[in-house]
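**Q** Got a structure for you, entry.cif, holding mmCIF, C-alpha atoms and all ligand atoms.
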```cif
data_model
#
loop_
_atom_site.group_PDB
_atom_site.id
_atom_site.type_symbol
_atom_site.label_atom_id
_atom_site.label_comp_id
_atom_site.auth_asym_id
_atom_site.auth_seq_id
_atom_site.Cartn_x
_atom_site.Cartn_y
_atom_site.Cartn_z
ATOM 1 C CA ASP P 1 -7.211 -20.668 37.399
ATOM 2 C CA ASP P 2 -10.781 -20.807 38.654
ATOM 3 C CA ASP P 3 -12.176 -21.381 35.214
ATOM 4 C CA PHE P 4 -10.030 -24.425 34.869
ATOM 5 C CA LYS P 5 -11.344 -25.968 38.074
ATOM 6 C CA THR P 6 -14.915 -25.503 36.880
ATOM 7 C CA GLY P 7 -13.824 -27.158 33.669
ATOM 8 C CA ALA P 8 -13.063 -30.368 35.494
ATOM 9 C CA ARG P 9 -16.796 -30.947 35.702
ATOM 10 C CA PHE P 10 -16.914 -31.230 31.934
ATOM 11 C CA GLY P 11 -13.936 -33.553 31.832
ATOM 12 C CA SER P 12 -15.638 -36.644 30.527
ATOM 13 C CA GLY P 13 -17.104 -37.381 27.128
ATOM 14 C CA ARG P 14 -16.556 -35.232 24.041
ATOM 15 C CA VAL P 15 -17.289 -31.912 25.695
ATOM 16 C CA GLY P 16 -14.262 -30.227 27.167
ATOM 17 C CA GLN P 17 -11.689 -32.417 25.466
ATOM 18 C CA VAL P 18 -8.898 -31.193 23.232
ATOM 19 C CA LYS P 19 -9.041 -33.101 19.980
ATOM 20 C CA GLU P 20 -6.501 -33.277 17.212
ATOM 21 C CA VAL P 21 -7.967 -33.155 13.735
ATOM 22 C CA THR P 22 -6.146 -33.494 10.443
ATOM 23 C CA SER P 23 -8.866 -34.959 8.235
ATOM 24 C CA LEU P 24 -11.099 -32.699 6.148
ATOM 25 C CA SER P 25 -13.856 -35.289 6.372
ATOM 26 C CA ASN P 26 -13.990 -35.221 10.171
ATOM 27 C CA PRO P 27 -17.706 -34.814 11.060
ATOM 28 C CA ILE P 28 -17.073 -31.946 13.517
ATOM 29 C CA ILE P 29 -15.150 -30.078 10.812
ATOM 30 C CA LYS P 30 -17.996 -30.758 8.380
ATOM 31 C CA ASP P 31 -20.455 -29.229 10.857
ATOM 32 C CA ILE P 32 -18.268 -26.145 11.251
ATOM 33 C CA LYS P 33 -17.912 -25.758 7.482
ATOM 34 C CA ALA P 34 -21.683 -25.971 7.178
ATOM 35 C CA LEU P 35 -21.881 -22.692 9.135
ATOM 36 C CA THR P 36 -21.246 -20.904 5.842
ATOM 37 C CA ASN P 37 -24.931 -21.692 5.150
ATOM 38 C CA LYS P 38 -27.491 -19.446 6.791
ATOM 39 C CA LYS P 39 -29.787 -22.429 7.346
ATOM 40 C CA ASP P 40 -27.135 -24.260 9.378
ATOM 41 C CA ARG P 41 -26.324 -21.130 11.377
ATOM 42 C CA GLU P 42 -30.002 -20.655 12.210
ATOM 43 C CA GLU P 43 -30.539 -24.307 13.145
ATOM 44 C CA SER P 44 -27.491 -24.465 15.382
ATOM 45 C CA GLY P 45 -27.854 -20.875 16.620
ATOM 46 C CA THR P 46 -24.108 -20.426 16.175
ATOM 47 C CA PHE P 47 -21.605 -18.568 14.003
ATOM 48 C CA MET P 48 -17.906 -18.398 13.345
ATOM 49 C CA ALA P 49 -15.461 -15.590 14.196
ATOM 50 C CA GLU P 50 -11.799 -15.561 13.195
ATOM 51 C CA GLY P 51 -8.774 -14.232 15.016
ATOM 52 C CA LEU P 52 -7.284 -14.582 18.491
ATOM 53 C CA LYS P 53 -8.034 -11.002 19.556
ATOM 54 C CA LEU P 54 -11.666 -11.331 18.534
ATOM 55 C CA VAL P 55 -12.074 -14.585 20.448
ATOM 56 C CA ILE P 56 -10.458 -13.075 23.559
ATOM 57 C CA ASP P 57 -12.740 -9.997 23.353
ATOM 58 C CA ALA P 58 -15.827 -12.177 22.845
ATOM 59 C CA LEU P 59 -15.041 -14.340 25.877
ATOM 60 C CA GLU P 60 -14.422 -11.250 27.962
ATOM 61 C CA LEU P 61 -17.802 -9.840 26.927
ATOM 62 C CA GLY P 62 -19.461 -13.070 28.051
ATOM 63 C CA TRP P 63 -20.248 -14.649 24.692
ATOM 64 C CA SER P 64 -20.756 -18.394 24.842
ATOM 65 C CA ILE P 65 -18.132 -20.371 22.941
ATOM 66 C CA ARG P 66 -19.044 -23.812 21.611
ATOM 67 C CA THR P 67 -15.832 -24.692 19.817
ATOM 68 C CA LEU P 68 -12.344 -23.270 19.606
ATOM 69 C CA VAL P 69 -10.260 -24.260 16.604
ATOM 70 C CA TYR P 70 -6.567 -23.445 16.448
ATOM 71 C CA ALA P 71 -3.690 -24.279 14.158
ATOM 72 C CA LYS P 72 -1.015 -26.688 15.328
ATOM 73 C CA ALA P 73 1.488 -23.865 14.903
ATOM 74 C CA ALA P 74 -0.347 -21.840 17.577
ATOM 75 C CA LYS P 75 0.003 -24.585 20.163
ATOM 76 C CA GLY P 76 1.871 -23.481 23.281
ATOM 77 C CA LYS P 77 1.371 -19.763 22.717
ATOM 78 C CA PRO P 78 0.290 -18.421 26.127
ATOM 79 C CA LEU P 79 -2.762 -16.478 24.890
ATOM 80 C CA VAL P 80 -3.947 -19.437 22.839
ATOM 81 C CA GLU P 81 -3.502 -21.756 25.819
ATOM 82 C CA GLN P 82 -5.508 -19.335 27.997
ATOM 83 C CA VAL P 83 -8.335 -19.158 25.501
ATOM 84 C CA ALA P 84 -8.324 -22.950 25.175
ATOM 85 C CA ALA P 85 -8.497 -23.335 28.972
ATOM 86 C CA LYS P 86 -11.415 -20.894 29.136
ATOM 87 C CA THR P 87 -13.230 -22.761 26.363
ATOM 88 C CA VAL P 88 -12.825 -26.071 28.201
ATOM 89 C CA ALA P 89 -13.876 -24.428 31.467
ATOM 90 C CA ARG P 90 -17.056 -23.201 29.859
ATOM 91 C CA GLY P 91 -17.895 -26.637 28.491
ATOM 92 C CA GLY P 92 -16.705 -26.049 24.936
ATOM 93 C CA LEU P 93 -14.732 -28.245 22.611
ATOM 94 C CA VAL P 94 -11.152 -27.439 21.610
ATOM 95 C CA LEU P 95 -9.789 -28.626 18.279
ATOM 96 C CA GLU P 96 -6.154 -28.537 17.289
ATOM 97 C CA VAL P 97 -6.071 -28.776 13.526
ATOM 98 C CA SER P 98 -3.721 -28.767 10.560
ATOM 99 C CA GLU P 99 -3.410 -25.602 8.495
ATOM 100 C CA LYS P 100 -5.168 -27.426 5.658
ATOM 101 C CA VAL P 101 -8.209 -27.990 7.856
ATOM 102 C CA LEU P 102 -8.166 -24.384 9.071
ATOM 103 C CA SER P 103 -8.009 -23.123 5.478
ATOM 104 C CA SER P 104 -10.986 -25.226 4.525
ATOM 105 C CA VAL P 105 -12.999 -24.032 7.541
ATOM 106 C CA THR P 106 -12.336 -20.350 6.848
ATOM 107 C CA ARG P 107 -12.097 -20.700 3.047
ATOM 108 C CA ARG P 108 -8.877 -18.737 3.090
ATOM 109 C CA ASP P 109 -5.358 -19.498 1.911
ATOM 110 C CA ASN P 110 -3.713 -17.759 4.840
ATOM 111 C CA PRO P 111 -6.199 -18.339 7.608
ATOM 112 C CA GLN P 112 -6.118 -16.820 11.085
ATOM 113 C CA MET P 113 -4.519 -19.173 13.622
ATOM 114 C CA VAL P 114 -7.602 -19.198 15.835
ATOM 115 C CA VAL P 115 -11.302 -19.541 15.067
ATOM 116 C CA GLY P 116 -14.191 -19.548 17.538
ATOM 117 C CA ILE P 117 -17.706 -20.943 17.112
ATOM 118 C CA PHE P 118 -20.036 -18.874 19.286
ATOM 119 C CA GLU P 119 -23.714 -18.886 20.153
ATOM 120 C CA GLN P 120 -25.669 -16.140 18.405
ATOM 121 C CA GLN P 121 -27.179 -13.427 20.586
ATOM 122 C CA TRP P 122 -30.358 -11.572 19.662
ATOM 123 C CA GLN P 123 -32.006 -8.952 21.846
ATOM 124 C CA ARG P 124 -35.752 -8.500 22.149
ATOM 125 C CA LEU P 125 -37.163 -5.240 20.822
ATOM 126 C CA ASP P 126 -40.215 -5.566 23.082
ATOM 127 C CA HIS P 127 -37.853 -5.335 26.047
ATOM 128 C CA LEU P 128 -36.103 -2.206 24.780
ATOM 129 C CA VAL P 129 -36.755 1.164 26.428
ATOM 130 C CA PRO P 130 -34.543 3.747 24.676
ATOM 131 C CA GLU P 131 -32.979 6.258 27.002
ATOM 132 C CA LYS P 132 -31.781 9.820 26.557
ATOM 133 C CA ASN P 133 -28.492 10.025 24.643
ATOM 134 C CA GLN P 134 -29.038 6.608 23.106
ATOM 135 C CA THR P 135 -28.944 6.192 19.333
ATOM 136 C CA PHE P 136 -30.155 3.172 17.393
ATOM 137 C CA VAL P 137 -29.769 2.305 13.741
ATOM 138 C CA ALA P 138 -32.736 0.613 12.057
ATOM 139 C CA LEU P 139 -32.072 -0.963 8.672
ATOM 140 C CA ASP P 140 -34.826 -1.666 6.172
ATOM 141 C CA ARG P 141 -34.082 -4.955 4.311
ATOM 142 C CA VAL P 142 -30.302 -4.454 4.210
ATOM 143 C CA ARG P 143 -28.966 -6.783 1.525
ATOM 144 C CA ASP P 144 -25.213 -6.415 1.380
ATOM 145 C CA PRO P 145 -23.183 -8.318 4.030
ATOM 146 C CA GLY P 146 -20.293 -5.842 3.720
ATOM 147 C CA ASN P 147 -22.626 -2.886 4.284
ATOM 148 C CA LEU P 148 -24.172 -4.510 7.342
ATOM 149 C CA GLY P 149 -20.768 -5.357 8.829
ATOM 150 C CA THR P 150 -19.487 -1.846 8.188
ATOM 151 C CA ILE P 151 -22.626 -0.361 9.771
ATOM 152 C CA ILE P 152 -22.276 -2.536 12.906
ATOM 153 C CA ARG P 153 -18.626 -1.482 13.208
ATOM 154 C CA THR P 154 -19.482 2.183 12.682
ATOM 155 C CA ALA P 155 -22.431 2.076 15.093
ATOM 156 C CA ASP P 156 -20.080 0.641 17.717
ATOM 157 C CA ALA P 157 -17.474 3.321 17.049
ATOM 158 C CA ALA P 158 -20.042 6.111 17.240
ATOM 159 C CA GLY P 159 -21.370 4.820 20.555
ATOM 160 C CA ALA P 160 -24.763 3.667 19.296
ATOM 161 C CA SER P 161 -26.772 1.288 21.477
ATOM 162 C CA GLY P 162 -28.095 -1.200 18.949
ATOM 163 C CA VAL P 163 -28.798 -2.147 15.355
ATOM 164 C CA ILE P 164 -32.353 -3.135 14.474
ATOM 165 C CA LEU P 165 -32.861 -5.289 11.395
ATOM 166 C CA VAL P 166 -36.287 -4.583 9.922
ATOM 167 C CA GLY P 167 -37.835 -7.093 7.507
ATOM 168 C CA GLU P 168 -35.835 -9.621 5.485
ATOM 169 C CA CYS P 169 -32.194 -8.649 6.034
ATOM 170 C CA THR P 170 -28.844 -10.234 5.295
ATOM 171 C CA ASP P 171 -27.569 -12.306 8.227
ATOM 172 C CA PRO P 172 -25.277 -10.389 10.619
ATOM 173 C CA PHE P 173 -23.693 -13.709 11.603
ATOM 174 C CA SER P 174 -22.501 -14.623 8.090
ATOM 175 C CA LEU P 175 -18.741 -14.958 7.791
ATOM 176 C CA GLU P 176 -18.553 -11.946 5.477
ATOM 177 C CA THR P 177 -20.508 -9.667 7.804
ATOM 178 C CA VAL P 178 -18.674 -10.825 10.928
ATOM 179 C CA ARG P 179 -15.365 -10.122 9.133
ATOM 180 C CA ALA P 180 -16.507 -6.641 8.148
ATOM 181 C CA THR P 181 -17.507 -5.811 11.736
ATOM 182 C CA MET P 182 -13.864 -6.242 12.837
ATOM 183 C CA GLY P 183 -15.041 -7.523 16.229
ATOM 184 C CA SER P 184 -17.861 -5.031 16.788
ATOM 185 C CA ILE P 185 -20.351 -7.890 16.245
ATOM 186 C CA PHE P 186 -19.605 -8.774 19.878
ATOM 187 C CA ALA P 187 -20.216 -5.244 21.156
ATOM 188 C CA MET P 188 -23.388 -4.186 19.354
ATOM 189 C CA PRO P 189 -26.804 -5.419 20.529
ATOM 190 C CA LEU P 190 -28.766 -6.794 17.560
ATOM 191 C CA TYR P 191 -32.530 -6.896 17.074
ATOM 192 C CA ARG P 192 -34.574 -8.347 14.206
ATOM 193 C CA VAL P 193 -38.240 -7.673 13.642
ATOM 194 C CA PRO P 194 -40.954 -7.676 10.982
ATOM 195 C CA VAL P 195 -42.026 -4.218 9.736
ATOM 196 C CA THR P 196 -45.248 -4.274 11.770
ATOM 197 C CA ASP P 197 -43.356 -4.883 15.025
ATOM 198 C CA PHE P 198 -40.925 -2.089 14.246
ATOM 199 C CA LEU P 199 -43.805 0.301 13.562
ATOM 200 C CA ALA P 200 -45.493 -0.662 16.823
ATOM 201 C CA PHE P 201 -42.212 -0.232 18.700
ATOM 202 C CA SER P 202 -41.426 3.163 17.192
ATOM 203 C CA ARG P 203 -44.892 4.480 18.129
ATOM 204 C CA GLN P 204 -44.528 3.682 21.813
ATOM 205 C CA SER P 205 -40.752 3.842 22.295
ATOM 206 C CA GLY P 206 -40.520 7.533 23.205
ATOM 207 C CA ALA P 207 -37.666 7.883 20.713
ATOM 208 C CA GLN P 208 -37.724 10.108 17.657
ATOM 209 C CA VAL P 209 -37.474 8.235 14.368
ATOM 210 C CA VAL P 210 -35.291 10.092 11.879
ATOM 211 C CA ALA P 211 -35.671 8.412 8.507
ATOM 212 C CA THR P 212 -33.224 9.164 5.737
ATOM 213 C CA HIS P 213 -34.681 9.603 2.309
ATOM 214 C CA LEU P 214 -33.455 10.985 -0.987
ATOM 215 C CA ALA P 215 -36.699 12.994 -1.097
ATOM 216 C CA GLY P 216 -36.328 14.174 2.492
ATOM 217 C CA ALA P 217 -37.164 17.856 2.883
ATOM 218 C CA VAL P 218 -35.092 18.403 6.022
ATOM 219 C CA ASP P 219 -31.334 18.940 6.053
ATOM 220 C CA TYR P 220 -30.007 16.284 8.473
ATOM 221 C CA ARG P 221 -27.904 18.950 10.257
ATOM 222 C CA THR P 222 -30.950 20.977 11.321
ATOM 223 C CA ILE P 223 -32.529 18.239 13.442
ATOM 224 C CA ASP P 224 -32.350 18.301 17.255
ATOM 225 C CA TYR P 225 -30.743 15.030 18.302
ATOM 226 C CA ARG P 226 -30.396 16.001 21.956
ATOM 227 C CA ALA P 227 -33.925 16.077 23.287
ATOM 228 C CA LYS P 228 -34.896 12.453 22.787
ATOM 229 C CA PRO P 229 -33.282 9.122 22.044
ATOM 230 C CA THR P 230 -32.983 8.725 18.266
ATOM 231 C CA ILE P 231 -33.639 5.888 15.875
ATOM 232 C CA LEU P 232 -31.917 6.460 12.527
ATOM 233 C CA LEU P 233 -33.951 4.621 9.919
ATOM 234 C CA MET P 234 -32.059 3.734 6.732
ATOM 235 C CA GLY P 235 -33.514 2.469 3.442
ATOM 236 C CA ASN P 236 -32.705 -0.576 1.346
ATOM 237 C CA GLU P 237 -29.715 -0.281 -1.006
ATOM 238 C CA GLN P 238 -31.745 -0.667 -4.216
ATOM 239 C CA SER P 239 -35.172 0.727 -3.488
ATOM 240 C CA GLY P 240 -34.748 3.067 -0.532
ATOM 241 C CA LEU P 241 -37.348 3.303 2.230
ATOM 242 C CA PRO P 242 -40.867 2.113 1.399
ATOM 243 C CA GLU P 243 -43.701 4.572 2.049
ATOM 244 C CA GLN P 244 -45.010 2.604 5.009
ATOM 245 C CA LEU P 245 -41.735 3.138 6.888
ATOM 246 C CA ALA P 246 -41.099 6.676 5.651
ATOM 247 C CA ASN P 247 -44.589 7.714 6.823
ATOM 248 C CA ALA P 248 -43.905 6.408 10.306
ATOM 249 C CA ALA P 249 -40.897 8.692 10.768
ATOM 250 C CA ASP P 250 -40.927 11.863 12.853
ATOM 251 C CA ARG P 251 -38.452 13.512 10.463
ATOM 252 C CA LEU P 252 -37.441 12.740 6.854
ATOM 253 C CA ALA P 253 -33.816 13.789 6.613
ATOM 254 C CA ARG P 254 -31.617 14.299 3.601
ATOM 255 C CA ILE P 255 -27.856 14.635 3.338
ATOM 256 C CA PRO P 256 -27.172 17.403 0.778
ATOM 257 C CA GLN P 257 -25.021 16.188 -2.099
ATOM 258 C CA GLN P 258 -23.140 17.633 -5.040
ATOM 259 C CA GLY P 259 -21.725 15.901 -8.084
ATOM 260 C CA LEU P 260 -22.980 13.113 -10.298
ATOM 261 C CA ALA P 261 -23.848 10.472 -7.689
ATOM 262 C CA ASP P 262 -27.577 9.936 -7.112
ATOM 263 C CA SER P 263 -27.074 8.760 -3.563
ATOM 264 C CA LEU P 264 -24.525 7.730 -0.982
ATOM 265 C CA ASN P 265 -23.692 4.129 -0.239
ATOM 266 C CA LEU P 266 -25.921 2.891 2.607
ATOM 267 C CA ALA P 267 -23.057 2.352 5.063
ATOM 268 C CA VAL P 268 -21.586 5.763 4.270
ATOM 269 C CA ALA P 269 -24.953 7.505 4.711
ATOM 270 C CA THR P 270 -25.405 5.675 8.025
ATOM 271 C CA ALA P 271 -21.968 6.829 9.179
ATOM 272 C CA VAL P 272 -22.696 10.455 8.292
ATOM 273 C CA MET P 273 -25.999 10.289 10.196
ATOM 274 C CA LEU P 274 -24.538 8.536 13.231
ATOM 275 C CA PHE P 275 -21.736 11.024 13.724
ATOM 276 C CA GLU P 276 -24.118 13.964 13.319
ATOM 277 C CA ALA P 277 -26.736 12.510 15.673
ATOM 278 C CA ARG P 278 -24.053 11.836 18.301
ATOM 279 C CA ARG P 279 -21.871 14.873 17.631
ATOM 280 C CA HIS P 280 -22.649 16.417 21.028
ATOM 281 C CA LEU P 281 -21.751 13.157 22.773
ATOM 282 C CA LEU P 282 -18.443 12.425 21.071
ATOM 283 C CA SER P 283 -15.200 14.041 22.056
ATOM 284 C CA LEU P 284 -11.502 13.275 21.918
ATOM 285 C CA GLU P 285 -11.268 13.772 25.662
ATOM 286 C CA ALA P 286 -13.862 11.142 26.621
HETATM 287 N N1 LIG U 301 -32.141 4.074 -5.165
HETATM 288 C C1 LIG U 301 -32.311 4.237 -3.762
HETATM 289 C C2 LIG U 301 -33.360 5.292 -3.491
HETATM 290 O O1 LIG U 301 -33.956 5.772 -4.450
HETATM 291 O O2 LIG U 301 -33.678 5.587 -2.355
HETATM 292 C C3 LIG U 301 -30.968 4.606 -3.167
HETATM 293 C C4 LIG U 301 -30.824 4.049 -1.817
HETATM 294 S S1 LIG U 301 -29.327 4.544 -1.003
HETATM 295 C C5 LIG U 301 -28.113 3.654 -1.841
HETATM 296 C C6 LIG U 301 -29.523 3.635 0.485
HETATM 297 C C7 LIG U 301 -30.032 4.432 1.645
HETATM 298 O O3 LIG U 301 -28.998 5.301 2.082
HETATM 299 C C8 LIG U 301 -31.214 5.326 1.369
HETATM 300 O O4 LIG U 301 -32.430 4.626 1.445
HETATM 301 C C9 LIG U 301 -31.091 6.320 2.498
HETATM 302 O O5 LIG U 301 -31.551 5.746 3.713
HETATM 303 C C10 LIG U 301 -29.590 6.500 2.579
HETATM 304 N N2 LIG U 301 -29.085 7.617 1.790
HETATM 305 C C11 LIG U 301 -28.161 7.587 0.809
HETATM 306 N N3 LIG U 301 -27.879 8.821 0.365
HETATM 307 C C12 LIG U 301 -28.656 9.680 1.090
HETATM 308 C C13 LIG U 301 -28.820 11.096 1.125
HETATM 309 N N4 LIG U 301 -28.146 11.909 0.313
HETATM 310 N N5 LIG U 301 -29.696 11.606 2.004
HETATM 311 C C14 LIG U 301 -30.395 10.814 2.847
HETATM 312 N N6 LIG U 301 -30.274 9.482 2.852
HETATM 313 C C15 LIG U 301 -29.420 8.912 1.998
#
```
Translate the structure described by the file into structure tokens.
Ligand code: SAM

**A**
Amino acid sequence: DDDFKTGARFGSGRVGQVKEVTSLSNPIIKDIKALTNKKDREESGTFMAEGLKLVIDALELGWSIRTLVYAKAAKGKPLVEQVAAKTVARGGLVLEVSEKVLSSVTRRDNPQMVVGIFEQQWQRLDHLVPEKNQTFVALDRVRDPGNLGTIIRTADAAGASGVILVGECTDPFSLETVRATMGSIFAMPLYRVPVTDFLAFSRQSGAQVVATHLAGAVDYRTIDYRAKPTILLMGNEQSGLPEQLANAADRLARIPQQGLADSLNLAVATAVMLFEARRHLLSLEA
């Protein structure tokens, strides 16, 4: 295995070693547990993802792994061994831990056997040039981690090209959001910008901004999504889109509703918009 040979270079010191950990007070475990705090995730630039399949996918997509944690019971399983070898080869640390330690790291009674600590990846909006047939989702101050995770997963499934977090948003790399993405966190380019930067970007991007609004005059099904790349702009769960953002949109779209509900859930509204905007691009044959 080529990776393994490269790994030999990292053979000394703490990096690249396989460590056995059974104590909850182990300092490395404490650092990993601290990743439940946004502050610690930001400072370290890392986050945690659970599950063997997710870790395999992430490595395949080129994400940088800092630490691999696996349960003693998973030792010797071929896929786990392969992932461990790759982690070592890439200069990461491998920890073999007791189930008790794994439970405390993931805060779950029946934890996944494998957990990876990865480096966060953010894309730069000032480097983005939207192309024809590309769709982006821009979220104004999204608050709910479950909504954000569901939106990232749905954007991935609909073939969108990125999710842009506008203003103060919930952290896409929180454990709850990463869980809700079901792995799509590793497939969806993420951007985060202040409102002013988003406005500047949308003016010069060449894309059409379709904002969704409960007061939107246009039925979302009447918009032409083919001519230009599209940015679907979605409002905050509580307050909806502020005027400043709504005014910047090329179209203000509304999803017609019946019944008692005032509005759709943000993630549901985003899904409806995504699959309409990309309807001409999605097919069972592709
Ligand atoms: N109370 C908020 C309001 O007055 O705007 C409700 C916000 S709604 C829960 C969250 C976001 O989902 C909205 O800002 C909008 O982007 C989108 N949304 C929900 N239902 C919609 C609909 N029927 N038409 C267009 N957008 C909708």

**Q** Counting only C-alpha atoms and all ligand atoms, name the residues that have an atom within 10 Å of an atom of ligand LIG 301 (chain U); the answer should be given as a PyMOL selection string.

**A** chain P and resi 138-140+142+210-220+232-242+246+252-258+261-270+272-273

**Q** Could you give me, as number ranges by chain, the residues within 8 Å of range 186-201 of chain P, counting only C-alpha atoms and dropping anything in the same chain fewer than 2 positions from it?

**A** P: 57-58, 61, 63, 121-126, 152, 155-156, 160-168, 183-184, 203-205, 245, 248

**Q** Once the PyMOL selection byres (((chain P and resi 279) around 12) and not hetatm) has been applied to the shown file, what residues remain in the selection, as a count of residues only?

**A** 23

**Q** I need the residue nearest Gln134 in chain P from this list: P:Ala84, P:Arg90, P:Lys228, P:Ile65. Use all atoms listed in the file for the distance.

**A**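 Closest candidate: P:Lys228.
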
**Q** Could you state which residues are captured by the PyMOL selection byres (((chain P and resi 68) around 8) and not hetatm) in this file, as a VMD selection string?

**A** chain P and resid 65 to 67 69 to 70 84 87 92 to 95 114 to 117

**Q** At a cut-off of 7 Å, using only C-alpha atoms, what residues contact range 28-44 of chain P? Leave out same-chain residues fewer than 4 positions from it and give the result as JSON, numbers by chain.

**A** {"P": [24, 105, 174, 175]}

**Q** Pull C-alpha atoms from the residues just selected and write them as a short mmCIF file (atom, residue, chain, number, x, y, z; two decimals), in the coordinates of the input.

**A**
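Listing of again25.cif after writing:
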```cif
data_model
loop_
_atom_site.label_atom_id
_atom_site.label_comp_id
_atom_site.auth_asym_id
_atom_site.auth_seq_id
_atom_site.Cartn_x
_atom_site.Cartn_y
_atom_site.Cartn_z
CA LEU P 24 -11.10 -32.70 6.15
CA VAL P 105 -13.00 -24.03 7.54
CA SER P 174 -22.50 -14.62 8.09
CA LEU P 175 -18.74 -14.96 7.79
#
```

**Q** Please provide the set of residues having any atom within 9 Å of Gly51 in chain P, restricted to all atoms listed in the file, with same-chain residues fewer than 2 positions apart removed, written as a tab-separated table (two decimals) with C-alpha atoms, keeping the file's coordinate frame.

**A**
```tsv
chain	number	residue	atom	x	y	z
P	49	ALA	CA	-15.46	-15.59	14.20
P	53	LYS	CA	-8.03	-11.00	19.56
P	54	LEU	CA	-11.67	-11.33	18.53
P	55	VAL	CA	-12.07	-14.58	20.45
P	56	ILE	CA	-10.46	-13.08	23.56
P	111	PRO	CA	-6.20	-18.34	7.61
P	112	GLN	CA	-6.12	-16.82	11.08
P	113	MET	CA	-4.52	-19.17	13.62
P	114	VAL	CA	-7.60	-19.20	15.84
P	115	VAL	CA	-11.30	-19.54	15.07
P	116	GLY	CA	-14.19	-19.55	17.54
```

**Q** Which of these residues is nearest to Lys72 in chain P, using only C-alpha atoms: P:Asp109, P:Glu60, P:Asp171, P:Glu20?

**A**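 With only C-alpha atoms as the atom set, the closest residue is P:Glu20.
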
**Q** Mind giving me the straight-line distance from CA of Gly45 in chain P to CA of Glu81 in chain P in Å, one decimal?

**A**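 The value is 26.0 Å.
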
**Q** For a test of reading the model, state the distance in Å between CA of Met182 in chain P and CA of Asp144 in chain P, rounded to one decimal.

**A** 16.1 Å

**Q** I'd like to know which of P:Gly206, P:Pro229, P:Pro172, P:Gly146 is closest to Thr46 in chain P, using only C-alpha atoms.

**A**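 Distance minimum relative to Thr46 in chain P lands on P:Pro172.
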
**Q** Distance CA of Ala74 in chain P-CA of Glu96 in chain P, one decimal place?

**A** 8.9 Å

**Q** Considering all atoms listed in the file, can you say which of P:Leu102, P:Ile151, P:Cys169, P:Met48 comes closest to Phe136 in chain P?

**A**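 Checking each candidate against Phe136 in chain P, we get P:Ile151 as the closest.
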
**Q** Counting only C-alpha atoms, which residue out of P:Thr106, P:Lys86, P:Thr177, P:Thr222 sits closest to Gly62 in chain P?

**A** P:Lys86

**Q** If we count all atoms listed in the file and set the cut-off at 7 Å, which residues sit around Ser98 in chain P, ignoring sequence neighbours fewer than 2 positions away in its own chain? Please answer as a list in words.

**A**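 Surrounding residues, per the criterion: Val21, Thr22, Ala71, Lys72, Lys100, Val101 and Leu102 of chain P.
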
**Q** Can you write out the residues you just picked, keeping C-alpha atoms, as a short mmCIF file (atom, residue, chain, number, x, y, z; two decimals), in the frame of the given file?

**A**
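Saved result, part_5.cif, follows:
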```cif
data_model
loop_
_atom_site.label_atom_id
_atom_site.label_comp_id
_atom_site.auth_asym_id
_atom_site.auth_seq_id
_atom_site.Cartn_x
_atom_site.Cartn_y
_atom_site.Cartn_z
CA VAL P 21 -7.97 -33.16 13.74
CA THR P 22 -6.15 -33.49 10.44
CA ALA P 71 -3.69 -24.28 14.16
CA LYS P 72 -1.01 -26.69 15.33
CA LYS P 100 -5.17 -27.43 5.66
CA VAL P 101 -8.21 -27.99 7.86
CA LEU P 102 -8.17 -24.38 9.07
#
```

**Q** Edge lengths and centre in Å to one decimal, as lines of an AutoDock Vina configuration file, is what I'm after for the box along x, y and z that holds all listed atoms of range 233-240 of chain P once 3 Å is added on each side.

**A**
```
center_x = -32.4
center_y = 2.0
center_z = 2.9
size_x = 11.5
size_y = 11.3
size_z = 20.1
```

**Q** Can you sort out range 179-187 of chain P so it carries N, CA and C atoms, written as a PDB file, keeping the file's coordinate frame?

**A**
```pdb
ATOM      1  N   ARG P 179     -16.682 -10.656   9.499  1.00  0.00           N
ATOM      2  CA  ARG P 179     -15.365 -10.122   9.133  1.00  0.00           C
ATOM      3  C   ARG P 179     -15.396  -8.611   9.032  1.00  0.00           C
ATOM      4  N   ALA P 180     -16.439  -8.090   8.372  1.00  0.00           N
ATOM      5  CA  ALA P 180     -16.507  -6.641   8.148  1.00  0.00           C
ATOM      6  C   ALA P 180     -16.731  -5.870   9.451  1.00  0.00           C
ATOM      7  N   THR P 181     -17.287  -6.526  10.470  1.00  0.00           N
ATOM      8  CA  THR P 181     -17.507  -5.811  11.736  1.00  0.00           C
ATOM      9  C   THR P 181     -16.208  -5.621  12.519  1.00  0.00           C
ATOM     10  N   MET P 182     -15.172  -6.357  12.163  1.00  0.00           N
ATOM     11  CA  MET P 182     -13.864  -6.242  12.837  1.00  0.00           C
ATOM     12  C   MET P 182     -13.982  -6.406  14.361  1.00  0.00           C
ATOM     13  N   GLY P 183     -14.905  -7.257  14.791  1.00  0.00           N
ATOM     14  CA  GLY P 183     -15.041  -7.523  16.229  1.00  0.00           C
ATOM     15  C   GLY P 183     -16.236  -6.827  16.863  1.00  0.00           C
ATOM     16  N   SER P 184     -16.738  -5.780  16.208  1.00  0.00           N
ATOM     17  CA  SER P 184     -17.861  -5.031  16.788  1.00  0.00           C
ATOM     18  C   SER P 184     -19.139  -5.868  16.866  1.00  0.00           C
ATOM     19  N   ILE P 185     -19.187  -6.989  16.138  1.00  0.00           N
ATOM     20  CA  ILE P 185     -20.351  -7.890  16.245  1.00  0.00           C
ATOM     21  C   ILE P 185     -20.588  -8.280  17.703  1.00  0.00           C
ATOM     22  N   PHE P 186     -19.497  -8.347  18.478  1.00  0.00           N
ATOM     23  CA  PHE P 186     -19.605  -8.774  19.878  1.00  0.00           C
ATOM     24  C   PHE P 186     -19.981  -7.619  20.812  1.00  0.00           C
ATOM     25  N   ALA P 187     -19.962  -6.408  20.300  1.00  0.00           N
ATOM     26  CA  ALA P 187     -20.216  -5.244  21.156  1.00  0.00           C
ATOM     27  C   ALA P 187     -21.581  -4.604  20.899  1.00  0.00           C
TER      28      ALA P 187
END
```
